[in-house]
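Participant: Take this structure first; my questions come after.
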Amino acid sequence: MNKRVLCLSMSFLILIIVAIGGFAQSKSVTITHWYWADNPQYSATMKEIAAEFNATNNKNITVVAEEYPWDGGAYSETLFRAAMGGGGPDTSTFKLTSTPLFTANNLLVKLDDYIANWKDKNDIEDSLYNVMRMGSGTDNIYLMPWTTQILYVYYRPSMFNEVGIAVPKTYAEFLEACKKLTRDTNGDGVIDVYGFGMRGAKGGHEPWGSFIWARGGNFKDFTTPQAIAGMQDFIDLYKNGYTPPTATMDGFQEIIANFKSGKTAMTVHHIGSSPGMIETFGDDVDAFIFPGEVGQWTSMGDTENVIMESCKNKEAAFEWISYMATGKGQEKWCTVTGNVPVSKSIQQLPVFQNSKFMKVSIEGTPVAGIYPILDTTTEWISTIWPNTVAAALLGQITATEAMKKLQIGLYGQ
Amino acid sequence: MPRQKINPWPYLLISPALITFFTVVFIPVLNAILISFQRYDLRRPKAIGFVGLENYINIFQDPLFFQSIWKTFLWVIFGVGFQFILGFGLALLLHKKFFGRGIIRSVSLIPWVTPGVLIGLMWRWIYDGNYGVLNDFFLKLNLINEKIPFLAQQKSAFPSVIVTIIWQGIPFFALMILAGLQGIPGELYDAADVDGADGLQKLFKITIPMLKNTIYVTTLLRIIWVANSVDVIFNMTEGGPAYATQTLSVYVFNKGNTLNLGYASTMSIILTLLLLLVAILYLKNIFGREEE
């Protein structure tokens, strides 16, 4: 009798254990992740990364990746509105400049404790964590570094050979190259190649900054004579016809289309567009860092991942964003897009060490920087900069007047 | 005296519409009015608070606001004006009998049924200064020697977006006026023929007077819709270059996008009041004349 009771009890206990284990097994977590993609290939890559993570994480985490357009920064506005409305994703790709807006409204999760307990935390440079803290204006980290993009100048070696110039090493040589590369190639009296593909629409502040710093200006005060001189160079490129006349409204799509169609000889972008450039031109495309004179600066584009405060399972969300930062997700994304990895170990892989555009990006790192991250920055980038610079390019206001407006727009009266 | 029983059915039957009106129109408008008296900027949530007329005072010191009002005036005058003239002409054409009239009537509705966002994107590429078909067309006809960056220059950007809104609105006028034309008795034209009236006389003495109520209502509706429209301009130029195409509704939209909702709400209240004033003066003028 005792034996029977014992057997029954043991069986019952085993049954309970199996049931609990089964319950734990079947309790899966879904993480909704928002992202943007520059082209369909990147879009497909993100879906693949999510699928691989789902198949291999062994923690029953299922990531659902949803794409939203970048649209010159409107992505951040869409994310903000969704989060403020009580919706939105669990995690999202993110831009540093949006940090003050989101942290002021308590929309992001502090990652300090998660990172402190993370086994791969030292695979990312401390300086990057510091940049993330800077973005929030606090001692806390709200953003997980993901990739960086250093802006450089694409150029066509064949066009440089045609006009007999070398890659510019100084700012003065760069301005001269813009002039020499602008030409009528078929003798019909109409310019059909422009030296520089200027981005005058939203997002153009990034390459524009290089002109300001080259003359010795900076972003603390746009009204110095040096900064105004840089602005005047920018205006003169347009006024003298070294850029397409559509430059005042040319955004990302237009400058890339103009460069790929051979309408422009140089244009500024980052490694994210390099696969498309290689596909179009093969070896007849290369890059150099925007040269300096008195100073030198190029824009450090950044992309991070964040966990939204509304996320119900923050540990699972951190598993996902850390996979994107130093795991297979980082490797795959950066291999396909050519973005500079934040993971030191992944940076050492041959695929990154052997890429010419990666080399140029890394060369630009010492002079790469960001704009001041203030609560006025978003409006300044999306409305004030494009309209003020367009007014200057079209001769409605002078360089001095434009820089004064930009100063007031970013820093107030 | 026996008390009259109140019939609840009318109230019950209109209550869904009333509830919808209150929740979708009245409450948001009331909310916008309340926000216009606050410093309501989501970039600085800790500073949100009542500020009285501060937003209104700031707006009347904003040169961009007055520029936007002027742009809105031109946008409506030229946009609606040419929509009416061309829509009227199209209606007269479509009223005639000809082979394939049914298909032509349907096809002519395409600009009206196409979403505004798609219209903006489509015309942006039509006008493109490097690859646009319009430049290609003009070059092939030798009307120009070099391509025109229609949307990249201040002097051409605003006329270009106005042409787009005219294109969009012609079918609406054509449709409404065509419906009105169907209701004009044929005997009036027969009598005019007997009296020896020519085409122009019939147009000005019969057609237009008989259509006047249709024209008044259609024009007022289009004035309000065009003044409030954002989608076409935003997708073509976002109000640029250098604010050249920024009407007041686009300014409100751009300001709202930067999350300065107090300022944006204030401008939208002012726009509403301006349109109300236009509507009241317009209707008073029309009904005043009729009473005379």
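Residues in the structure tokens are numbered from 1 in each chain, the chains being A, B, ... in the order shown, and ligands are numbered from 1 in the order shown.
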Which residues are near Pro111 (chain B)? Cut-off 10 Å, only C-alpha atoms, ignore same chain within fewer than 4 positions. Put them as an mmCIF file with C-alpha atoms, in the first residue's frame.
Facilitator:
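The result, written out as result09.cif:
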data_model
loop_
_atom_site.group_PDB
_atom_site.id
_atom_site.type_symbol
_atom_site.label_atom_id
_atom_site.label_comp_id
_atom_site.auth_asym_id
_atom_site.auth_seq_id
_atom_site.Cartn_x
_atom_site.Cartn_y
_atom_site.Cartn_z
ATOM 1 C CA VAL B 107 -12.287 59.852 -67.196
ATOM 2 C CA PRO B 115 -5.814 61.069 -53.332
ATOM 3 C CA GLY B 116 -4.136 64.400 -52.628
ATOM 4 C CA ILE B 119 -1.339 64.062 -56.703
ATOM 5 C CA THR B 164 -1.794 71.402 -59.513
ATOM 6 C CA ILE B 165 -4.706 72.364 -57.260
ATOM 7 C CA ILE B 166 -6.574 73.775 -60.283
ATOM 8 C CA TRP B 167 -6.088 70.435 -62.057
ATOM 9 C CA GLN B 168 -7.404 68.609 -58.997
ATOM 10 C CA GLY B 169 -10.517 70.759 -58.546
ATOM 11 C CA ILE B 170 -11.805 71.175 -62.129
ATOM 12 C CA PRO B 171 -13.841 67.920 -62.094
ATOM 13 C CA PHE B 172 -15.709 68.913 -58.933
#
Participant: Identify, on the basis of only C-alpha atoms, every residue whose closest approach to region 175-185 of chain B does not exceed 12 Å; exclude the query and any residue fewer than 5 positions from it along the same chain; express the result as number ranges by chain.
Facilitator: B: 83-96, 105-110, 112, 169-170, 190-192, 202-203, 206-219, 221-222
Participant: Could you list, as a PDB file with N, CA and C atoms, in the first residue's frame, the residues of chain B having an atom within 8 Å of chain A when counting only C-alpha atoms?
Facilitator:
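Output file out08.pdb follows:
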ATOM      1  N   LEU B  42       5.159  70.072 -26.589  1.00  0.00           N
ATOM      2  CA  LEU B  42       5.525  68.743 -26.084  1.00  0.00           C
ATOM      3  C   LEU B  42       7.025  68.542 -25.994  1.00  0.00           C
ATOM      4  N   ARG B  43       7.805  69.464 -26.565  1.00  0.00           N
ATOM      5  CA  ARG B  43       9.258  69.374 -26.402  1.00  0.00           C
ATOM      6  C   ARG B  43       9.644  69.841 -25.001  1.00  0.00           C
ATOM      7  N   ARG B  44       8.753  70.614 -24.396  1.00  0.00           N
ATOM      8  CA  ARG B  44       9.019  71.127 -23.034  1.00  0.00           C
ATOM      9  C   ARG B  44       7.768  70.854 -22.185  1.00  0.00           C
ATOM     10  N   PRO B  45       7.497  69.589 -21.907  1.00  0.00           N
ATOM     11  CA  PRO B  45       6.235  69.253 -21.240  1.00  0.00           C
ATOM     12  C   PRO B  45       6.095  69.861 -19.846  1.00  0.00           C
ATOM     13  N   GLY B 129      13.068  69.322 -62.048  1.00  0.00           N
ATOM     14  CA  GLY B 129      13.942  70.110 -62.902  1.00  0.00           C
ATOM     15  C   GLY B 129      14.988  69.305 -63.636  1.00  0.00           C
ATOM     16  N   ASN B 130      15.188  68.040 -63.248  1.00  0.00           N
ATOM     17  CA  ASN B 130      16.184  67.219 -63.940  1.00  0.00           C
ATOM     18  C   ASN B 130      15.546  66.128 -64.794  1.00  0.00           C
ATOM     19  N   GLU B 146      16.551  75.555 -71.869  1.00  0.00           N
ATOM     20  CA  GLU B 146      17.081  74.718 -70.804  1.00  0.00           C
ATOM     21  C   GLU B 146      15.999  74.453 -69.753  1.00  0.00           C
ATOM     22  N   PRO B 149      13.737  74.576 -63.147  1.00  0.00           N
ATOM     23  CA  PRO B 149      13.498  73.917 -61.845  1.00  0.00           C
ATOM     24  C   PRO B 149      12.253  74.513 -61.199  1.00  0.00           C
ATOM     25  N   LEU B 151       9.968  73.757 -59.045  1.00  0.00           N
ATOM     26  CA  LEU B 151       9.672  73.764 -57.606  1.00  0.00           C
ATOM     27  C   LEU B 151      10.844  74.250 -56.768  1.00  0.00           C
ATOM     28  N   ALA B 152      11.966  74.560 -57.413  1.00  0.00           N
ATOM     29  CA  ALA B 152      13.161  74.940 -56.657  1.00  0.00           C
ATOM     30  C   ALA B 152      13.377  76.450 -56.631  1.00  0.00           C
ATOM     31  N   GLN B 153      12.542  77.186 -57.339  1.00  0.00           N
ATOM     32  CA  GLN B 153      12.700  78.642 -57.367  1.00  0.00           C
ATOM     33  C   GLN B 153      11.437  79.284 -56.830  1.00  0.00           C
ATOM     34  N   GLN B 154      11.612  80.380 -56.103  1.00  0.00           N
ATOM     35  CA  GLN B 154      10.458  81.023 -55.466  1.00  0.00           C
ATOM     36  C   GLN B 154       9.437  81.500 -56.491  1.00  0.00           C
ATOM     37  N   THR B 237       6.276  70.493 -51.909  1.00  0.00           N
ATOM     38  CA  THR B 237       7.357  71.402 -51.509  1.00  0.00           C
ATOM     39  C   THR B 237       7.530  71.554 -50.001  1.00  0.00           C
ATOM     40  N   GLY B 240       8.234  75.044 -48.938  1.00  0.00           N
ATOM     41  CA  GLY B 240       9.403  75.760 -49.461  1.00  0.00           C
ATOM     42  C   GLY B 240       9.265  76.025 -50.963  1.00  0.00           C
ATOM     43  N   PRO B 241      10.320  76.464 -51.638  1.00  0.00           N
ATOM     44  CA  PRO B 241      11.602  76.875 -51.044  1.00  0.00           C
ATOM     45  C   PRO B 241      11.513  78.242 -50.384  1.00  0.00           C
ATOM     46  N   ALA B 242      12.145  78.389 -49.280  1.00  0.00           N
ATOM     47  CA  ALA B 242      12.157  79.660 -48.548  1.00  0.00           C
ATOM     48  C   ALA B 242      10.733  80.131 -48.244  1.00  0.00           C
ATOM     49  N   TYR B 243       9.876  79.215 -47.830  1.00  0.00           N
ATOM     50  CA  TYR B 243       8.487  79.500 -47.429  1.00  0.00           C
ATOM     51  C   TYR B 243       7.637  80.050 -48.582  1.00  0.00           C
ATOM     52  N   ASN B 254       3.117  72.409 -40.319  1.00  0.00           N
ATOM     53  CA  ASN B 254       4.554  72.360 -40.023  1.00  0.00           C
ATOM     54  C   ASN B 254       4.824  72.663 -38.551  1.00  0.00           C
ATOM     55  N   ASN B 257       3.842  69.767 -36.430  1.00  0.00           N
ATOM     56  CA  ASN B 257       4.828  68.684 -36.532  1.00  0.00           C
ATOM     57  C   ASN B 257       6.013  68.888 -35.604  1.00  0.00           C
ATOM     58  N   THR B 258       6.312  70.149 -35.288  1.00  0.00           N
ATOM     59  CA  THR B 258       7.414  70.399 -34.348  1.00  0.00           C
ATOM     60  C   THR B 258       6.912  70.320 -32.910  1.00  0.00           C
TER      61      THR B 258
END
Participant: Would you kindly return, as a list of chain:residue names, each protein, DNA or RNA residue with an atom no farther than 9 Å from any atom of Thr72 (chain B), considering only C-alpha atoms and excluding same-chain residues fewer than 4 positions away?
Facilitator: B:Gln67, B:Ser68, B:Val76, B:Ile77, B:Val226, B:Ala227, B:Gln246, B:Thr247, B:Leu248, B:Ser249
Participant: DSSP on the backbone: what in region 19-162 of chain A comes out strand (DSSP E), as a list in words?
Facilitator: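 Of region 19-162 of chain A, only Val29, Thr30, Ile31, Thr32, His33, Trp34, Tyr35, Ile61, Thr62, Val63, Val64, Ala65, Glu66, Glu67, Thr91, Ser92, Thr93, Phe94, Met144, Pro145, Trp146, Thr147, Thr148, Gln149, Ile150, Tyr152, Val153, Tyr154 and Tyr155 of chain A fall in strand (DSSP E).
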Participant: Pull N, CA and C atoms from the residues just selected and write them as a CSV table (one decimal), in the first residue's frame.
Facilitator:
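Contents of the output file again_21.csv:
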chain,number,residue,atom,x,y,z
A,29,VAL,N,7.0,35.5,-25.6
A,29,VAL,CA,7.0,36.9,-25.6
A,29,VAL,C,7.1,37.5,-27.0
A,30,THR,N,6.2,38.4,-27.3
A,30,THR,CA,6.3,39.1,-28.6
A,30,THR,C,6.8,40.5,-28.5
A,31,ILE,N,7.9,40.8,-29.2
A,31,ILE,CA,8.4,42.2,-29.2
A,31,ILE,C,8.2,42.8,-30.6
A,32,THR,N,7.5,43.9,-30.6
A,32,THR,CA,7.3,44.7,-31.8
A,32,THR,C,8.4,45.7,-32.0
A,33,HIS,N,9.0,45.6,-33.1
A,33,HIS,CA,10.2,46.5,-33.4
A,33,HIS,C,9.9,47.3,-34.6
A,34,TRP,N,10.1,48.6,-34.5
A,34,TRP,CA,9.9,49.5,-35.7
A,34,TRP,C,11.3,49.8,-36.2
A,35,TYR,N,11.4,50.0,-37.5
A,35,TYR,CA,12.7,50.4,-38.1
A,35,TYR,C,12.4,51.1,-39.4
A,61,ILE,N,11.3,34.3,-27.4
A,61,ILE,CA,11.1,35.7,-27.8
A,61,ILE,C,10.8,35.7,-29.3
A,62,THR,N,9.7,36.4,-29.7
A,62,THR,CA,9.4,36.5,-31.1
A,62,THR,C,9.4,38.0,-31.4
A,63,VAL,N,10.3,38.4,-32.3
A,63,VAL,CA,10.3,39.8,-32.7
A,63,VAL,C,9.5,39.9,-34.0
A,64,VAL,N,8.6,40.9,-34.0
A,64,VAL,CA,7.9,41.3,-35.2
A,64,VAL,C,8.4,42.6,-35.7
A,65,ALA,N,9.1,42.6,-36.8
A,65,ALA,CA,9.7,43.8,-37.3
A,65,ALA,C,8.7,44.5,-38.3
A,66,GLU,N,8.5,45.8,-38.0
A,66,GLU,CA,7.5,46.6,-38.8
A,66,GLU,C,8.3,47.8,-39.4
A,67,GLU,N,8.2,48.0,-40.7
A,67,GLU,CA,8.9,49.1,-41.3
A,67,GLU,C,8.1,50.3,-41.5
A,91,THR,N,10.3,48.2,-29.2
A,91,THR,CA,11.6,48.7,-29.4
A,91,THR,C,11.6,49.4,-30.8
A,92,SER,N,12.6,50.2,-31.0
A,92,SER,CA,12.6,51.0,-32.2
A,92,SER,C,14.1,51.4,-32.6
A,93,THR,N,14.3,51.5,-33.9
A,93,THR,CA,15.6,52.2,-34.3
A,93,THR,C,15.3,53.7,-34.0
A,94,PHE,N,16.4,54.4,-33.8
A,94,PHE,CA,16.3,55.7,-33.2
A,94,PHE,C,17.4,56.6,-33.7
A,144,MET,N,20.8,52.3,-27.1
A,144,MET,CA,21.8,51.3,-27.3
A,144,MET,C,22.4,51.6,-28.7
A,145,PRO,N,23.8,51.8,-28.7
A,145,PRO,CA,24.4,52.1,-30.0
A,145,PRO,C,24.2,50.9,-30.9
A,146,TRP,N,24.0,51.3,-32.2
A,146,TRP,CA,23.8,50.2,-33.2
A,146,TRP,C,24.8,50.4,-34.4
A,147,THR,N,24.7,51.5,-35.1
A,147,THR,CA,25.7,51.7,-36.2
A,147,THR,C,26.0,53.1,-36.2
A,148,THR,N,27.1,53.4,-36.9
A,148,THR,CA,27.4,54.8,-37.2
A,148,THR,C,27.6,55.0,-38.7
A,149,GLN,N,27.4,56.2,-39.2
A,149,GLN,CA,27.6,56.5,-40.6
A,149,GLN,C,28.4,57.8,-40.6
A,150,ILE,N,29.6,57.7,-41.2
A,150,ILE,CA,30.4,58.9,-41.3
A,150,ILE,C,30.2,59.5,-42.7
A,152,TYR,N,30.9,61.2,-46.1
A,152,TYR,CA,32.1,61.5,-46.9
A,152,TYR,C,31.6,61.9,-48.3
A,153,VAL,N,32.6,62.2,-49.2
A,153,VAL,CA,32.3,62.7,-50.5
A,153,VAL,C,32.4,61.6,-51.5
A,154,TYR,N,31.4,61.2,-52.2
A,154,TYR,CA,31.5,60.3,-53.3
A,154,TYR,C,32.0,61.1,-54.5
A,155,TYR,N,32.9,60.4,-55.3
A,155,TYR,CA,33.3,61.1,-56.5
A,155,TYR,C,33.5,60.0,-57.6
Participant: Tell me which of A:Met308, A:Cys334, A:Arg156, A:Asp188 sits closest to Ile278 (chain A), counting only C-alpha atoms.
Facilitator: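 Among the listed residues, the smallest separation from Ile278 (chain A) belongs to A:Arg156.
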Participant: Just list the residues in region 10-201 of chain B DSSP gives helix (DSSP H, G or I) on the backbone, as a VMD selection string.
Facilitator: chain B and resid 10 to 36 45 to 47 54 to 59 63 to 95 101 to 107 110 to 113 116 to 126 133 to 140 154 to 182 186 to 194 199 to 201
